[in-house]
Amino acid sequence: MRLYQTLILIFIVALFGFLSGVALMEAREAQRRPRIAESVDARRFRLYDQAGNLRAELGMPFGEPALFLYDAKGKPRAWILLDREGNARMMFVDANDQPQWSAPPTPAPQAQP
């Protein structure tokens, strides 16, 4: 009877060890898999470079969606947005904040006589 109890105890310990090993391998495998969310909900997203500078922002600053792209100095250089009427707008500016291109085109300033 004693041999029978010893064999059962060895079997239980071996089974527990095997199941623990399987669980540990599964946990390690889960850590290796990339974690990609199916969806993300937020009011604003900000993207920073390695130096900590803001480089892009997606949000609703005027009550409508807008995407801003910033240069390395943090100045907005390009944006895509919807205006209050729901019309799409896009603009690119140079380092001196002078428009380089926009859609729809913005009228050129009229010279005052």
# chains A, B, ... in the order shown; residues from 1 in each chain; ligands from 1

call {"tool": "select_by_dssp", "arguments": {"residues": "segment 16-46 of chain A", "states": "alpha helix (DSSP H)", "output": "list in words"}}
result
Phe16, Gly17, Phe18, Leu19, Ser20, Gly21, Val22, Ala23, Leu24, Met25, Glu26, Ala27, Arg28, Glu29, Ala30, Gln31 and Arg32 of chain A

call {"tool": "write_last_selection", "arguments": {"atoms": "C-alpha atoms", "output": "tab-separated table (two decimals), in the first residue's frame"}}
result
chain	number	residue	atom	x	y	z
A	16	PHE	CA	1.83	19.55	-11.49
A	17	GLY	CA	5.39	20.25	-12.75
A	18	PHE	CA	4.37	19.54	-16.35
A	19	LEU	CA	1.29	21.77	-16.19
A	20	SER	CA	3.29	24.56	-14.54
A	21	GLY	CA	5.88	24.36	-17.31
A	22	VAL	CA	3.19	24.56	-19.99
A	23	ALA	CA	1.60	27.58	-18.29
A	24	LEU	CA	4.99	29.29	-18.00
A	25	MET	CA	5.76	28.68	-21.68
A	26	GLU	CA	2.37	30.12	-22.67
A	27	ALA	CA	2.98	33.23	-20.54
A	28	ARG	CA	6.39	33.78	-22.14
A	29	GLU	CA	4.95	33.31	-25.62
A	30	ALA	CA	2.20	35.84	-24.87
A	31	GLN	CA	4.84	38.38	-23.81
A	32	ARG	CA	6.68	37.94	-27.12

call {"tool": "residues_around", "arguments": {"residues": "segment 33-49 of chain A", "least_positions_apart": "4", "cutoff": "10 Å", "atoms": "only C-alpha atoms", "output": "PDB file with C-alpha atoms, in the first residue's frame"}}
result
ATOM      1  CA  ARG A  28       6.386  33.779 -22.140  1.00  0.00           C
ATOM      2  CA  GLU A  29       4.952  33.309 -25.620  1.00  0.00           C
ATOM      3  CA  ASN A  53       9.703  67.158 -29.517  1.00  0.00           C
ATOM      4  CA  LEU A  54       6.063  67.166 -30.585  1.00  0.00           C
ATOM      5  CA  ARG A  55       5.988  66.136 -34.265  1.00  0.00           C
ATOM      6  CA  ALA A  56       2.323  65.351 -34.990  1.00  0.00           C
ATOM      7  CA  GLU A  57      -1.051  65.795 -33.364  1.00  0.00           C
ATOM      8  CA  LEU A  58      -4.477  64.425 -34.182  1.00  0.00           C
ATOM      9  CA  GLY A  59      -7.381  65.932 -32.320  1.00  0.00           C
ATOM     10  CA  MET A  60     -10.475  68.113 -32.361  1.00  0.00           C
ATOM     11  CA  PRO A  61      -9.147  71.566 -31.388  1.00  0.00           C
ATOM     12  CA  PRO A  65     -11.064  66.679 -36.665  1.00  0.00           C
ATOM     13  CA  ALA A  66      -7.604  68.078 -37.462  1.00  0.00           C
ATOM     14  CA  LEU A  67      -4.152  66.621 -38.122  1.00  0.00           C
ATOM     15  CA  PHE A  68      -1.126  68.869 -37.520  1.00  0.00           C
ATOM     16  CA  LEU A  69       2.478  68.091 -38.526  1.00  0.00           C
ATOM     17  CA  TYR A  70       5.297  69.950 -36.736  1.00  0.00           C
ATOM     18  CA  ALA A  72      11.840  69.651 -35.416  1.00  0.00           C
TER      19      ALA A  72
END

call {"tool": "select_by_dssp", "arguments": {"residues": "segment 7-110 of chain A", "states": "strand (DSSP E or B)", "output": "PyMOL selection string"}}
result
chain A and resi 45-48+54-59+66-70+76-82+88-93+99-103

call {"tool": "write_last_selection", "arguments": {"atoms": "C-alpha atoms", "output": "PDB file, in the first residue's frame"}}
result
ATOM      1  CA  PHE A  45      -3.161  61.770 -30.007  1.00  0.00           C
ATOM      2  CA  ARG A  46       0.320  63.278 -29.880  1.00  0.00           C
ATOM      3  CA  LEU A  47       3.434  61.857 -31.544  1.00  0.00           C
ATOM      4  CA  TYR A  48       6.877  62.776 -30.165  1.00  0.00           C
ATOM      5  CA  LEU A  54       6.063  67.166 -30.585  1.00  0.00           C
ATOM      6  CA  ARG A  55       5.988  66.136 -34.265  1.00  0.00           C
ATOM      7  CA  ALA A  56       2.323  65.351 -34.990  1.00  0.00           C
ATOM      8  CA  GLU A  57      -1.051  65.795 -33.364  1.00  0.00           C
ATOM      9  CA  LEU A  58      -4.477  64.425 -34.182  1.00  0.00           C
ATOM     10  CA  GLY A  59      -7.381  65.932 -32.320  1.00  0.00           C
ATOM     11  CA  ALA A  66      -7.604  68.078 -37.462  1.00  0.00           C
ATOM     12  CA  LEU A  67      -4.152  66.621 -38.122  1.00  0.00           C
ATOM     13  CA  PHE A  68      -1.126  68.869 -37.520  1.00  0.00           C
ATOM     14  CA  LEU A  69       2.478  68.091 -38.526  1.00  0.00           C
ATOM     15  CA  TYR A  70       5.297  69.950 -36.736  1.00  0.00           C
ATOM     16  CA  PRO A  76       3.235  73.636 -37.241  1.00  0.00           C
ATOM     17  CA  ARG A  77       4.175  73.205 -40.900  1.00  0.00           C
ATOM     18  CA  ALA A  78       1.250  71.251 -42.362  1.00  0.00           C
ATOM     19  CA  TRP A  79      -2.324  70.563 -41.398  1.00  0.00           C
ATOM     20  CA  ILE A  80      -5.419  68.831 -42.667  1.00  0.00           C
ATOM     21  CA  LEU A  81      -8.738  69.668 -41.073  1.00  0.00           C
ATOM     22  CA  LEU A  82     -12.447  70.095 -41.499  1.00  0.00           C
ATOM     23  CA  ALA A  88     -11.897  69.852 -45.964  1.00  0.00           C
ATOM     24  CA  ARG A  89      -8.882  72.182 -45.731  1.00  0.00           C
ATOM     25  CA  MET A  90      -5.187  71.484 -46.177  1.00  0.00           C
ATOM     26  CA  MET A  91      -2.202  73.830 -45.898  1.00  0.00           C
ATOM     27  CA  PHE A  92       1.591  73.667 -45.983  1.00  0.00           C
ATOM     28  CA  VAL A  93       3.707  76.569 -44.730  1.00  0.00           C
ATOM     29  CA  PRO A  99       1.757  79.515 -47.116  1.00  0.00           C
ATOM     30  CA  GLN A 100       3.419  77.291 -49.717  1.00  0.00           C
ATOM     31  CA  TRP A 101       0.342  75.392 -50.822  1.00  0.00           C
ATOM     32  CA  SER A 102      -3.253  75.074 -49.739  1.00  0.00           C
ATOM     33  CA  ALA A 103      -6.376  73.290 -50.814  1.00  0.00           C
TER      34      ALA A 103
END

call {"tool": "atom_distance", "arguments": {"atom1": "atom CA of Phe62 of chain A", "atom2": "atom CA of Glu85 of chain A"}}
result
11.5 Å
